[in-house]
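> Sending over query03.csv (CSV, C-alpha atoms (C1' of nucleotides)).
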chain,number,residue,atom,x,y,z
A,1,MET,CA,100.8,100.5,117.9
A,2,LEU,CA,97.1,100.0,118.6
A,3,LYS,CA,96.6,103.6,119.7
A,4,LEU,CA,94.0,105.9,118.5
A,5,SER,CA,95.0,109.1,116.8
A,6,LYS,CA,94.9,112.5,118.4
A,7,LYS,CA,92.2,113.4,115.9
A,8,ALA,CA,90.1,110.6,117.2
A,9,ASP,CA,90.8,111.8,120.7
A,10,TYR,CA,89.8,115.3,119.9
A,11,ALA,CA,86.7,114.1,118.1
A,12,LEU,CA,85.6,112.2,121.2
A,13,ILE,CA,86.3,115.1,123.4
A,14,ALA,CA,84.3,117.4,121.2
A,15,VAL,CA,81.4,115.2,120.8
A,16,ARG,CA,81.3,114.5,124.5
A,17,HIS,CA,81.4,118.2,125.0
A,18,LEU,CA,78.5,118.8,122.8
A,19,ALA,CA,76.6,116.0,124.6
A,20,ALA,CA,77.3,117.5,128.0
A,21,HIS,CA,76.8,121.2,127.3
A,22,GLY,CA,73.2,121.6,126.2
A,23,ALA,CA,72.3,119.9,123.0
A,24,GLU,CA,70.2,122.9,122.2
A,25,HIS,CA,72.5,125.7,121.0
A,26,SER,CA,75.4,125.1,118.7
A,27,HIS,CA,79.1,125.5,119.7
A,28,SER,CA,81.7,126.9,117.3
A,29,ALA,CA,84.9,125.0,116.7
A,30,ALA,CA,86.8,127.8,118.1
A,31,ASP,CA,84.9,127.7,121.4
A,32,ILE,CA,85.3,124.0,121.9
A,33,ALA,CA,89.0,124.2,120.9
A,34,GLU,CA,89.6,127.0,123.5
A,35,ALA,CA,87.8,125.0,126.2
A,36,TYR,CA,90.4,122.2,125.9
A,37,GLY,CA,93.4,124.0,124.6
A,38,ILE,CA,93.4,122.3,121.3
A,39,SER,CA,94.4,123.9,118.0
A,40,PRO,CA,91.2,125.5,116.7
A,41,GLN,CA,92.1,124.8,113.1
A,42,LEU,CA,92.8,121.2,113.7
A,43,LEU,CA,89.7,120.7,115.7
A,44,ALA,CA,87.7,122.5,112.9
A,45,LYS,CA,88.9,119.9,110.4
A,46,VAL,CA,87.9,117.1,112.8
A,47,LEU,CA,84.5,118.6,113.3
A,48,GLN,CA,84.0,118.9,109.6
A,49,ARG,CA,84.6,115.3,109.1
A,50,LEU,CA,82.2,114.4,111.9
A,51,ALA,CA,79.6,116.6,110.2
A,52,LYS,CA,80.3,115.1,106.8
A,53,HIS,CA,79.5,111.7,108.3
A,54,GLY,CA,76.3,112.9,109.7
A,55,LEU,CA,77.2,112.8,113.3
A,56,LEU,CA,77.0,116.5,113.7
A,57,THR,CA,74.9,119.2,112.0
A,58,ALA,CA,76.7,122.4,111.1
A,59,ARG,CA,75.4,126.0,110.9
A,60,HIS,CA,77.3,128.7,109.2
A,61,GLY,CA,77.3,132.3,110.0
A,62,SER,CA,77.0,134.3,113.3
A,63,ASN,CA,76.0,132.2,116.2
A,64,GLY,CA,76.6,129.1,114.1
A,65,GLY,CA,78.6,126.1,115.0
A,66,TYR,CA,78.0,122.4,115.5
A,67,GLN,CA,75.3,120.3,117.2
A,68,LEU,CA,74.8,116.7,117.7
A,69,ALA,CA,72.7,115.2,114.9
A,70,ARG,CA,71.3,112.5,117.1
A,71,HIS,CA,70.8,111.8,120.8
A,72,PRO,CA,74.2,111.0,122.4
A,73,LYS,CA,72.7,107.7,123.5
A,74,ASN,CA,72.6,106.7,119.8
A,75,ILE,CA,76.1,107.7,118.9
A,76,SER,CA,78.8,105.1,119.6
A,77,ALA,CA,82.5,105.7,120.2
A,78,LEU,CA,83.1,103.6,117.1
A,79,GLU,CA,81.2,105.9,114.9
A,80,VAL,CA,83.1,108.9,116.1
A,81,ILE,CA,86.4,107.2,115.7
A,82,SER,CA,85.9,105.7,112.3
A,83,ALA,CA,84.4,108.9,111.0
A,84,VAL,CA,87.7,110.6,111.7
A,85,ASP,CA,90.2,107.8,111.2
A,86,GLY,CA,88.5,105.7,108.6
A,87,PRO,CA,87.4,102.1,108.9
A,88,LEU,CA,89.0,100.5,111.9
A,89,MET,CA,90.9,97.3,111.1
A,90,ILE,CA,93.5,96.1,113.4
A,91,THR,CA,95.8,94.6,110.8
A,92,SER,CA,97.0,95.9,107.5
A,93,CYS,CA,95.2,93.1,105.7
A,94,THR,CA,91.9,92.3,107.2
A,95,THR,CA,88.7,91.6,105.3
A,96,ASN,CA,89.1,93.7,102.2
A,97,HIS,CA,92.7,92.7,102.3
A,98,GLY,CA,94.1,95.9,100.8
A,99,THR,CA,97.5,94.4,99.9
A,100,CYS,CA,98.5,91.5,102.1
A,101,ASP,CA,102.0,91.6,100.7
A,102,GLN,CA,104.0,88.5,100.2
A,103,SER,CA,102.4,85.2,99.7
A,104,MET,CA,103.0,84.6,103.4
A,105,THR,CA,99.9,82.4,103.6
A,106,CYS,CA,99.2,84.7,106.5
A,107,THR,CA,98.2,82.2,109.1
A,108,VAL,CA,97.1,84.7,111.7
A,109,ARG,CA,94.7,86.6,109.5
A,110,GLU,CA,91.6,84.7,110.4
A,111,PRO,CA,92.1,84.7,114.2
A,112,LEU,CA,93.0,88.4,114.1
A,113,ARG,CA,89.9,89.1,112.1
A,114,LYS,CA,87.9,87.8,115.0
A,115,VAL,CA,89.8,89.8,117.5
A,116,ASN,CA,89.2,92.8,115.3
A,117,GLU,CA,85.5,92.1,115.3
A,118,SER,CA,85.5,91.9,119.1
A,119,ILE,CA,87.2,95.2,119.5
A,120,LEU,CA,84.7,96.8,117.1
A,121,GLN,CA,82.0,95.4,119.2
A,122,VAL,CA,83.5,96.9,122.3
A,123,LEU,CA,83.7,100.3,120.7
A,124,ARG,CA,80.3,99.9,119.3
A,125,SER,CA,78.8,99.2,122.7
A,126,VAL,CA,80.1,102.5,124.2
A,127,SER,CA,77.8,105.4,123.6
A,128,ILE,CA,78.6,109.0,124.0
A,129,SER,CA,76.1,109.5,126.7
A,130,GLN,CA,77.9,106.8,128.6
A,131,MET,CA,81.0,108.9,128.3
A,132,THR,CA,79.5,112.0,129.7
A,133,GLU,CA,78.4,110.4,133.0
A,134,ASP,CA,81.8,109.5,134.4
A,135,SER,CA,80.1,106.8,136.3
A,136,PRO,CA,82.0,105.5,139.2
A,137,GLU,CA,80.5,102.0,138.8
A,138,ALA,CA,80.0,100.5,135.4
A,139,GLU,CA,83.4,98.9,135.1
A,140,LEU,CA,84.4,97.0,131.9
A,141,VAL,CA,82.2,97.6,128.9
A,142,GLY,CA,80.9,94.9,126.6
A,143,LEU,CA,82.6,92.1,128.5
A,144,PRO,CA,81.3,89.1,130.3
A,145,SER,CA,81.9,88.8,134.0
B,1,MET,CA,95.2,104.6,114.1
B,2,LEU,CA,94.3,101.6,116.3
B,3,LYS,CA,96.3,99.2,114.2
B,4,LEU,CA,98.9,96.9,115.5
B,5,SER,CA,102.4,97.2,114.1
B,6,LYS,CA,103.9,94.8,111.6
B,7,LYS,CA,106.3,93.7,114.3
B,8,ALA,CA,103.4,92.6,116.4
B,9,ASP,CA,102.0,90.8,113.3
B,10,TYR,CA,105.3,89.0,112.8
B,11,ALA,CA,105.5,88.1,116.4
B,12,LEU,CA,102.1,86.5,116.3
B,13,ILE,CA,102.9,84.7,113.2
B,14,ALA,CA,106.2,83.4,114.6
B,15,VAL,CA,104.8,82.3,117.9
B,16,ARG,CA,101.9,80.6,116.2
B,17,HIS,CA,104.4,78.9,113.9
B,18,LEU,CA,106.3,77.6,116.9
B,19,ALA,CA,103.1,76.4,118.5
B,20,ALA,CA,102.0,74.6,115.4
B,21,HIS,CA,105.3,73.0,114.3
B,22,GLY,CA,106.4,70.8,117.1
B,23,ALA,CA,107.2,72.5,120.3
B,24,GLU,CA,110.1,70.0,120.6
B,25,HIS,CA,112.9,71.2,118.4
B,26,SER,CA,113.8,74.8,118.1
B,27,HIS,CA,113.4,76.9,114.9
B,28,SER,CA,115.9,79.5,113.9
B,29,ALA,CA,114.8,83.0,113.1
B,30,ALA,CA,116.0,82.5,109.5
B,31,ASP,CA,113.9,79.5,109.0
B,32,ILE,CA,110.7,81.1,110.3
B,33,ALA,CA,111.4,84.2,108.3
B,34,GLU,CA,111.9,82.2,105.1
B,35,ALA,CA,108.7,80.3,105.7
B,36,TYR,CA,106.6,83.5,105.6
B,37,GLY,CA,108.7,85.7,103.4
B,38,ILE,CA,109.6,88.1,106.1
B,39,SER,CA,112.9,89.9,106.5
B,40,PRO,CA,115.1,87.6,108.5
B,41,GLN,CA,116.8,90.4,110.4
B,42,LEU,CA,113.7,92.1,111.3
B,43,LEU,CA,112.1,88.9,112.5
B,44,ALA,CA,115.3,88.2,114.5
B,45,LYS,CA,114.9,91.3,116.4
B,46,VAL,CA,111.2,90.6,117.1
B,47,LEU,CA,112.1,87.1,118.3
B,48,GLN,CA,114.8,88.5,120.5
B,49,ARG,CA,112.3,90.7,122.2
B,50,LEU,CA,109.9,87.8,122.8
B,51,ALA,CA,112.8,85.8,124.3
B,52,LYS,CA,113.7,88.8,126.5
B,53,HIS,CA,110.2,88.9,127.8
B,54,GLY,CA,110.3,85.2,128.7
B,55,LEU,CA,107.9,84.0,126.1
B,56,LEU,CA,110.5,82.1,124.1
B,57,THR,CA,113.7,80.4,125.1
B,58,ALA,CA,116.7,80.8,122.8
B,59,ARG,CA,119.5,78.5,122.1
B,60,HIS,CA,122.7,79.7,120.4
B,61,GLY,CA,124.9,77.8,118.1
B,62,SER,CA,124.3,75.1,115.5
B,63,ASN,CA,120.8,73.7,115.5
B,64,GLY,CA,119.9,76.4,117.9
B,65,GLY,CA,116.9,78.7,117.6
B,66,TYR,CA,113.8,79.5,119.5
B,67,GLN,CA,111.2,77.4,121.4
B,68,LEU,CA,108.1,78.4,123.2
B,69,ALA,CA,108.8,78.9,126.9
B,70,ARG,CA,105.3,77.8,127.9
B,71,HIS,CA,102.4,75.8,126.6
B,72,PRO,CA,100.7,77.8,123.8
B,73,LYS,CA,97.5,77.5,125.8
B,74,ASN,CA,99.1,79.7,128.4
B,75,ILE,CA,100.4,82.4,126.1
B,76,SER,CA,98.0,85.2,125.3
B,77,ALA,CA,98.0,87.4,122.2
B,78,LEU,CA,98.3,90.3,124.5
B,79,GLU,CA,101.5,89.1,125.9
B,80,VAL,CA,103.0,88.6,122.5
B,81,ILE,CA,101.8,92.0,121.3
B,82,SER,CA,102.9,94.0,124.3
B,83,ALA,CA,106.3,92.2,124.5
B,84,VAL,CA,107.0,93.6,121.1
B,85,ASP,CA,105.2,96.9,121.1
B,86,GLY,CA,105.3,97.9,124.7
B,87,PRO,CA,102.4,98.3,127.0
B,88,LEU,CA,99.2,98.7,125.2
B,89,MET,CA,97.3,101.8,125.9
B,90,ILE,CA,94.8,103.2,123.5
B,91,THR,CA,95.4,106.8,124.2
B,92,SER,CA,98.5,108.9,124.7
B,93,CYS,CA,97.6,109.6,128.3
B,94,THR,CA,96.1,106.6,130.0
B,95,THR,CA,96.9,105.5,133.5
B,96,ASN,CA,100.5,106.5,134.0
B,97,HIS,CA,99.6,109.6,132.0
B,98,GLY,CA,103.0,110.1,130.3
B,99,THR,CA,102.4,113.7,129.4
B,100,CYS,CA,98.8,114.5,128.9
B,101,ASP,CA,99.8,117.8,127.4
B,102,GLN,CA,97.7,120.9,128.0
B,103,SER,CA,95.6,121.2,131.0
B,104,MET,CA,92.6,120.1,128.9
B,105,THR,CA,91.1,118.5,131.9
B,106,CYS,CA,90.9,115.6,129.6
B,107,THR,CA,87.3,114.6,130.0
B,108,VAL,CA,87.4,111.4,128.0
B,109,ARG,CA,90.4,110.0,129.8
B,110,GLU,CA,88.4,108.0,132.3
B,111,PRO,CA,85.9,106.5,129.9
B,112,LEU,CA,88.7,105.6,127.5
B,113,ARG,CA,90.6,103.9,130.2
B,114,LYS,CA,87.7,101.6,130.6
B,115,VAL,CA,87.5,100.9,126.9
B,116,ASN,CA,91.2,100.3,127.0
B,117,GLU,CA,90.8,97.8,129.7
B,118,SER,CA,88.1,96.0,127.8
B,119,ILE,CA,90.3,95.7,124.7
B,120,LEU,CA,93.1,94.4,126.9
B,121,GLN,CA,90.7,91.8,128.2
B,122,VAL,CA,89.8,90.7,124.7
B,123,LEU,CA,93.4,90.3,123.8
B,124,ARG,CA,94.2,88.6,127.0
B,125,SER,CA,91.4,86.0,126.4
B,126,VAL,CA,92.9,84.9,123.1
B,127,SER,CA,95.5,82.2,123.5
B,128,ILE,CA,98.1,81.2,120.9
B,129,SER,CA,96.7,77.6,120.8
B,130,GLN,CA,93.4,79.2,119.9
B,131,MET,CA,95.1,80.8,117.0
B,132,THR,CA,96.6,77.6,115.7
B,133,GLU,CA,93.3,75.8,115.3
B,134,ASP,CA,91.6,78.0,112.8
B,135,SER,CA,88.3,76.9,114.3
B,136,PRO,CA,85.3,77.3,112.0
B,137,GLU,CA,83.1,77.9,115.0
B,138,ALA,CA,84.2,80.0,118.0
B,139,GLU,CA,83.1,83.3,116.7
B,140,LEU,CA,83.7,86.4,118.7
B,141,VAL,CA,86.2,86.2,121.5
B,142,GLY,CA,85.7,87.4,125.0
B,143,LEU,CA,82.3,88.9,124.3
B,144,PRO,CA,78.9,88.2,125.6
B,145,SER,CA,76.2,86.9,123.3
C,1,DA,C1',78.0,145.1,102.9
C,2,DC,C1',80.2,143.2,106.8
C,3,DT,C1',81.2,139.7,109.8
C,4,DA,C1',81.2,135.1,111.9
C,5,DA,C1',81.3,131.0,111.0
C,6,DT,C1',82.0,126.3,108.3
C,7,DA,C1',84.3,123.8,104.1
C,8,DC,C1',88.2,122.1,102.0
C,9,DG,C1',92.4,121.3,99.8
C,10,DA,C1',97.4,122.1,99.6
C,11,DC,C1',101.2,122.1,102.2
C,12,DC,C1',104.9,121.6,105.9
C,13,DA,C1',107.2,119.5,110.0
C,14,DA,C1',107.7,116.1,113.4
C,15,DT,C1',107.5,111.7,114.8
C,16,DA,C1',107.0,106.8,114.4
C,17,DC,C1',107.9,102.7,111.9
C,18,DG,C1',109.9,99.3,108.9
C,19,DG,C1',114.0,97.6,107.7
C,20,DT,C1',119.3,97.2,107.3
C,21,DC,C1',124.0,96.8,108.9
C,22,DG,C1',127.8,95.9,111.8
C,23,DT,C1',129.6,93.7,115.6
C,24,DA,C1',129.8,91.0,119.7
C,25,DA,C1',128.7,86.9,122.3
C,26,DT,C1',127.8,82.1,122.6
C,27,DA,C1',127.1,77.4,121.7
C,28,DT,C1',127.6,73.3,118.8
C,29,DA,C1',130.1,70.3,115.8
C,30,DA,C1',134.2,68.8,113.4
D,1,DT,C1',140.5,74.3,119.1
D,2,DT,C1',139.0,76.1,115.2
D,3,DA,C1',135.2,76.9,112.3
D,4,DT,C1',130.4,77.7,111.9
D,5,DA,C1',125.8,78.6,113.1
D,6,DT,C1',123.2,81.0,115.7
D,7,DT,C1',121.3,84.6,119.0
D,8,DA,C1',122.0,89.6,121.0
D,9,DC,C1',122.0,94.3,120.5
D,10,DG,C1',122.6,98.9,119.3
D,11,DA,C1',123.2,102.5,115.7
D,12,DC,C1',121.4,104.0,111.7
D,13,DC,C1',118.5,105.5,107.6
D,14,DG,C1',114.5,106.2,104.5
D,15,DT,C1',109.9,106.5,104.2
D,16,DA,C1',105.1,106.7,105.6
D,17,DT,C1',101.9,108.5,108.7
D,18,DT,C1',100.3,112.0,111.5
D,19,DG,C1',99.8,116.5,113.7
D,20,DG,C1',99.2,120.9,112.6
D,21,DT,C1',99.1,125.4,109.6
D,22,DC,C1',97.7,128.4,105.8
D,23,DG,C1',95.0,130.2,102.3
D,24,DT,C1',90.8,130.6,100.1
D,25,DA,C1',86.1,129.8,99.1
D,26,DT,C1',81.4,129.5,100.8
D,27,DT,C1',77.5,130.3,103.5
D,28,DA,C1',74.6,132.5,106.8
D,29,DG,C1',73.2,136.1,110.0
D,30,DT,C1',73.0,141.2,111.3
Could you show the structure in this file as structure tokens?

Amino acid sequence: MLKLSKKADYALIAVRHLAAHGAEHSHSAADIAEAYGISPQLLAKVLQRLAKHGLLTARHGSNGGYQLARHPKNISALEVISAVDGPLMITSCTTNHGTCDQSMTCTVREPLRKVNESILQVLRSVSISQMTEDSPEAELVGLPS
Amino acid sequence: MLKLSKKADYALIAVRHLAAHGAEHSHSAADIAEAYGISPQLLAKVLQRLAKHGLLTARHGSNGGYQLARHPKNISALEVISAVDGPLMITSCTTNHGTCDQSMTCTVREPLRKVNESILQVLRSVSISQMTEDSPEAELVGLPS
DNA sequence: ACTAATACGACCAATACGGTCGTAATATAA
DNA sequence: TTATATTACGACCGTATTGGTCGTATTAGT
């Protein structure tokens, strides 16, 4: 229903947290989870995926945890979301059409592909650092006036 | 996972079909369904919702069916989608925060609300008539260069 | 060694979604 | 005025997806 998963939500929250609270020291999954009342185990899995995709660096052991791998200015919301949820395509059968069932001569595929690309562009244009500063101005993102 | 439902897909296909195939006579749910290999009953329900939201006009009885209620130029993809899937909000807890569980002081809510608004704007900027002409040009929609 | 953390896969439970069925209402045509 | 074609609508079910847990291995610091 065009809604992003809770995992993606959590991922954004966590990454934003890392960006906002000193990019120096690492934060453990448990700490972050507690700060927002999220299940620690679930958040752990989410953070693992983010680390696997190179968005975070992980350190084991005491005083370990996660850190941003890059400057928050260079991490887009899209990266975070698709790291957790997989490639974002708005329909079941865009681009690599992974089973556009029926013949259906799916007439809306092409227009929707463009819409999809636009949404990607929106998400791509939002950086994590933009999300930390809950700027009062800065209305719509990535859109013409 | 930020994907639109099949019902929304079907709705777009059907509305586009009505726009493309003579806005004069009506088309029955069964006819449209057959044309694209969709379950007639399911499509019927979808069309009913579209009619309920004033996007289509319905006529009972023989030679009845559905017609566009407005010129396809004045029907946006957003209207079609949200008629079928309900109001489009990207997170579980945007605007009318219908149960942003936990205290969580959900830090990403505000930034995501803006992203949501941008996506709405993209969808709003795509008209059905735009979807009928599978224009080779006209790349990204609703986005700045 | 002990402990604090990540890593990861298997697994379960709840919800959402796609799809069907049955029945009523309504309009057209014969 | 009867038959037929169609919309209208709610209840229902099976399956797929997702949220969330558990157990265990691994790695690093003290």
> At most 10 Å is the cut-off: for each residue in chain C with any atom that close to an atom of chain B, write down the nearest atom pair and the distance in Å rounded to one decimal, counting all atoms listed in the file, chain first then increasing number, as CSV.

residue,atom,partner,partner_atom,distance
C:DC17,C1',B:Ser5,CA,8.1
C:DG18,C1',B:Lys6,CA,8.0
C:DG19,C1',B:Leu42,CA,6.6
C:DT20,C1',B:Gln41,CA,7.9
C:DC21,C1',B:Gln41,CA,9.7
C:DA25,C1',B:His60,CA,9.6
C:DT26,C1',B:His60,CA,6.1
C:DA27,C1',B:Gly61,CA,4.2
C:DT28,C1',B:Ser62,CA,5.0
C:DA29,C1',B:Ser62,CA,7.5
> Mind doing a quick least-squares superposition of chain B onto chain A, all C-alpha atoms paired one-to-one in order, and writing it out as an mmCIF file with C-alpha atoms, in the coordinates of the input?

data_model
loop_
_atom_site.group_PDB
_atom_site.id
_atom_site.type_symbol
_atom_site.label_atom_id
_atom_site.label_comp_id
_atom_site.auth_asym_id
_atom_site.auth_seq_id
_atom_site.Cartn_x
_atom_site.Cartn_y
_atom_site.Cartn_z
ATOM 1 C CA MET B 1 100.835 100.507 117.798
ATOM 2 C CA LEU B 2 97.148 99.973 118.678
ATOM 3 C CA LYS B 3 96.682 103.542 119.780
ATOM 4 C CA LEU B 4 94.040 105.822 118.529
ATOM 5 C CA SER B 5 95.113 109.053 116.883
ATOM 6 C CA LYS B 6 94.921 112.443 118.535
ATOM 7 C CA LYS B 7 92.265 113.370 116.016
ATOM 8 C CA ALA B 8 90.117 110.576 117.285
ATOM 9 C CA ASP B 9 90.832 111.817 120.857
ATOM 10 C CA TYR B 10 89.737 115.321 119.907
ATOM 11 C CA ALA B 11 86.686 114.045 118.212
ATOM 12 C CA LEU B 12 85.620 112.182 121.298
ATOM 13 C CA ILE B 13 86.289 115.092 123.438
ATOM 14 C CA ALA B 14 84.319 117.436 121.165
ATOM 15 C CA VAL B 15 81.349 115.180 120.783
ATOM 16 C CA ARG B 16 81.250 114.540 124.494
ATOM 17 C CA HIS B 17 81.431 118.297 125.025
ATOM 18 C CA LEU B 18 78.438 118.777 122.764
ATOM 19 C CA ALA B 19 76.550 116.048 124.561
ATOM 20 C CA ALA B 20 77.259 117.517 127.938
ATOM 21 C CA HIS B 21 76.709 121.238 127.223
ATOM 22 C CA GLY B 22 73.187 121.586 126.055
ATOM 23 C CA ALA B 23 72.343 119.882 122.868
ATOM 24 C CA GLU B 24 70.203 122.974 122.086
ATOM 25 C CA HIS B 25 72.495 125.699 120.887
ATOM 26 C CA SER B 26 75.382 125.032 118.634
ATOM 27 C CA HIS B 27 79.077 125.456 119.622
ATOM 28 C CA SER B 28 81.639 126.770 117.230
ATOM 29 C CA ALA B 29 84.823 124.878 116.611
ATOM 30 C CA ALA B 30 86.791 127.800 118.108
ATOM 31 C CA ASP B 31 84.907 127.707 121.286
ATOM 32 C CA ILE B 32 85.323 123.962 121.823
ATOM 33 C CA ALA B 33 88.957 124.203 120.911
ATOM 34 C CA GLU B 34 89.548 127.018 123.404
ATOM 35 C CA ALA B 35 87.791 125.082 126.119
ATOM 36 C CA TYR B 36 90.310 122.206 125.911
ATOM 37 C CA GLY B 37 93.369 123.984 124.658
ATOM 38 C CA ILE B 38 93.378 122.314 121.331
ATOM 39 C CA SER B 39 94.400 123.867 118.039
ATOM 40 C CA PRO B 40 91.306 125.492 116.655
ATOM 41 C CA GLN B 41 92.126 124.664 113.052
ATOM 42 C CA LEU B 42 92.879 121.153 113.698
ATOM 43 C CA LEU B 43 89.715 120.671 115.698
ATOM 44 C CA ALA B 44 87.804 122.389 112.847
ATOM 45 C CA LYS B 45 88.894 119.842 110.459
ATOM 46 C CA VAL B 46 87.985 116.976 112.832
ATOM 47 C CA LEU B 47 84.543 118.516 113.356
ATOM 48 C CA GLN B 48 84.091 118.879 109.647
ATOM 49 C CA ARG B 49 84.680 115.214 109.198
ATOM 50 C CA LEU B 50 82.154 114.302 111.903
ATOM 51 C CA ALA B 51 79.600 116.584 110.191
ATOM 52 C CA LYS B 52 80.390 114.914 106.839
ATOM 53 C CA HIS B 53 79.684 111.567 108.336
ATOM 54 C CA GLY B 54 76.305 112.734 109.652
ATOM 55 C CA LEU B 55 77.165 112.715 113.288
ATOM 56 C CA LEU B 56 76.996 116.481 113.688
ATOM 57 C CA THR B 57 74.991 119.116 111.909
ATOM 58 C CA ALA B 58 76.742 122.377 111.044
ATOM 59 C CA ARG B 59 75.413 125.811 110.787
ATOM 60 C CA HIS B 60 77.367 128.589 109.046
ATOM 61 C CA GLY B 61 77.404 132.202 109.875
ATOM 62 C CA SER B 62 77.097 134.174 113.104
ATOM 63 C CA ASN B 63 76.117 132.103 116.097
ATOM 64 C CA GLY B 64 76.588 129.093 113.958
ATOM 65 C CA GLY B 65 78.580 126.009 114.907
ATOM 66 C CA TYR B 66 77.997 122.372 115.450
ATOM 67 C CA GLN B 67 75.222 120.323 117.146
ATOM 68 C CA LEU B 68 74.855 116.653 117.644
ATOM 69 C CA ALA B 69 72.781 115.123 114.853
ATOM 70 C CA ARG B 70 71.369 112.425 117.132
ATOM 71 C CA HIS B 71 70.781 111.710 120.771
ATOM 72 C CA PRO B 72 74.166 110.989 122.432
ATOM 73 C CA LYS B 73 72.691 107.685 123.545
ATOM 74 C CA ASN B 74 72.602 106.680 119.919
ATOM 75 C CA ILE B 75 76.120 107.693 118.989
ATOM 76 C CA SER B 76 78.804 105.106 119.573
ATOM 77 C CA ALA B 77 82.500 105.742 120.194
ATOM 78 C CA LEU B 78 83.162 103.609 117.227
ATOM 79 C CA GLU B 79 81.270 105.835 114.968
ATOM 80 C CA VAL B 80 83.100 108.885 116.157
ATOM 81 C CA ILE B 81 86.474 107.158 115.879
ATOM 82 C CA SER B 82 85.981 105.657 112.457
ATOM 83 C CA ALA B 83 84.422 108.886 111.048
ATOM 84 C CA VAL B 84 87.699 110.536 111.789
ATOM 85 C CA ASP B 85 90.221 107.796 111.279
ATOM 86 C CA GLY B 86 88.601 105.652 108.680
ATOM 87 C CA PRO B 87 87.450 102.133 109.072
ATOM 88 C CA LEU B 88 89.004 100.440 111.964
ATOM 89 C CA MET B 89 90.916 97.357 111.227
ATOM 90 C CA ILE B 90 93.602 96.079 113.490
ATOM 91 C CA THR B 91 95.838 94.683 110.870
ATOM 92 C CA SER B 92 97.023 95.909 107.499
ATOM 93 C CA CYS B 93 95.200 93.132 105.705
ATOM 94 C CA THR B 94 91.855 92.392 107.257
ATOM 95 C CA THR B 95 88.706 91.705 105.329
ATOM 96 C CA ASN B 96 89.053 93.768 102.194
ATOM 97 C CA HIS B 97 92.722 92.795 102.323
ATOM 98 C CA GLY B 98 94.145 96.018 100.810
ATOM 99 C CA THR B 99 97.459 94.513 99.870
ATOM 100 C CA CYS B 100 98.466 91.699 102.088
ATOM 101 C CA ASP B 101 101.916 91.834 100.597
ATOM 102 C CA GLN B 102 103.898 88.648 100.046
ATOM 103 C CA SER B 103 102.194 85.428 99.575
ATOM 104 C CA MET B 104 102.812 84.662 103.270
ATOM 105 C CA THR B 105 99.665 82.689 103.377
ATOM 106 C CA CYS B 106 99.001 84.897 106.278
ATOM 107 C CA THR B 107 98.062 82.383 108.908
ATOM 108 C CA VAL B 108 96.968 84.794 111.599
ATOM 109 C CA ARG B 109 94.666 86.752 109.347
ATOM 110 C CA GLU B 110 91.558 84.816 110.265
ATOM 111 C CA PRO B 111 92.062 84.747 114.006
ATOM 112 C CA LEU B 112 92.905 88.448 113.991
ATOM 113 C CA ARG B 113 89.808 89.245 112.103
ATOM 114 C CA LYS B 114 87.875 87.804 114.939
ATOM 115 C CA VAL B 115 89.788 89.797 117.506
ATOM 116 C CA ASN B 116 89.193 92.803 115.346
ATOM 117 C CA GLU B 117 85.542 92.190 115.364
ATOM 118 C CA SER B 118 85.496 91.843 119.108
ATOM 119 C CA ILE B 119 87.264 95.190 119.571
ATOM 120 C CA LEU B 120 84.778 96.754 117.174
ATOM 121 C CA GLN B 121 82.017 95.365 119.332
ATOM 122 C CA VAL B 122 83.512 96.894 122.446
ATOM 123 C CA LEU B 123 83.727 100.243 120.811
ATOM 124 C CA ARG B 124 80.324 99.955 119.359
ATOM 125 C CA SER B 125 78.822 99.215 122.845
ATOM 126 C CA VAL B 126 80.135 102.464 124.284
ATOM 127 C CA SER B 127 77.784 105.361 123.743
ATOM 128 C CA ILE B 128 78.688 109.053 124.021
ATOM 129 C CA SER B 129 76.075 109.541 126.825
ATOM 130 C CA GLN B 130 77.941 106.822 128.664
ATOM 131 C CA MET B 131 81.018 108.897 128.370
ATOM 132 C CA THR B 132 79.434 112.020 129.756
ATOM 133 C CA GLU B 133 78.412 110.467 133.048
ATOM 134 C CA ASP B 134 81.750 109.513 134.438
ATOM 135 C CA SER B 135 80.005 106.717 136.305
ATOM 136 C CA PRO B 136 81.883 105.426 139.347
ATOM 137 C CA GLU B 137 80.407 102.005 138.788
ATOM 138 C CA ALA B 138 79.989 100.461 135.315
ATOM 139 C CA GLU B 139 83.351 98.903 135.079
ATOM 140 C CA LEU B 140 84.355 97.064 131.983
ATOM 141 C CA VAL B 141 82.308 97.642 128.884
ATOM 142 C CA GLY B 142 80.918 95.009 126.630
ATOM 143 C CA LEU B 143 82.580 92.155 128.473
ATOM 144 C CA PRO B 144 81.269 89.217 130.314
ATOM 145 C CA SER B 145 81.862 88.862 134.027
#
> Quick one: which chain D residues come within 10 Å of chain A, and what is the nearest atom pair for each with the distance in Å to one decimal, counting only C-alpha atoms (C1' of nucleotides), rows ordered by chain and ascending number, as a Markdown table?

| residue | atom | partner | partner_atom | distance |
| --- | --- | --- | --- | --- |
| D:DT18 | C1' | A:Ser5 | CA | 8.0 |
| D:DG19 | C1' | A:Lys6 | CA | 7.9 |
| D:DG20 | C1' | A:Leu42 | CA | 6.5 |
| D:DT21 | C1' | A:Gln41 | CA | 7.8 |
| D:DC22 | C1' | A:Gln41 | CA | 9.9 |
| D:DT26 | C1' | A:His60 | CA | 9.4 |
| D:DT27 | C1' | A:His60 | CA | 5.9 |
| D:DA28 | C1' | A:Gly61 | CA | 4.2 |
| D:DG29 | C1' | A:Ser62 | CA | 5.3 |
| D:DT30 | C1' | A:Ser62 | CA | 8.2 |
> Under the rule that only C-alpha atoms are counted, which of A:Tyr36, A:Gln121, A:Val84, A:Gly54 is the nearest residue to chain B?
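The closest residue to chain B is A:Tyr36.
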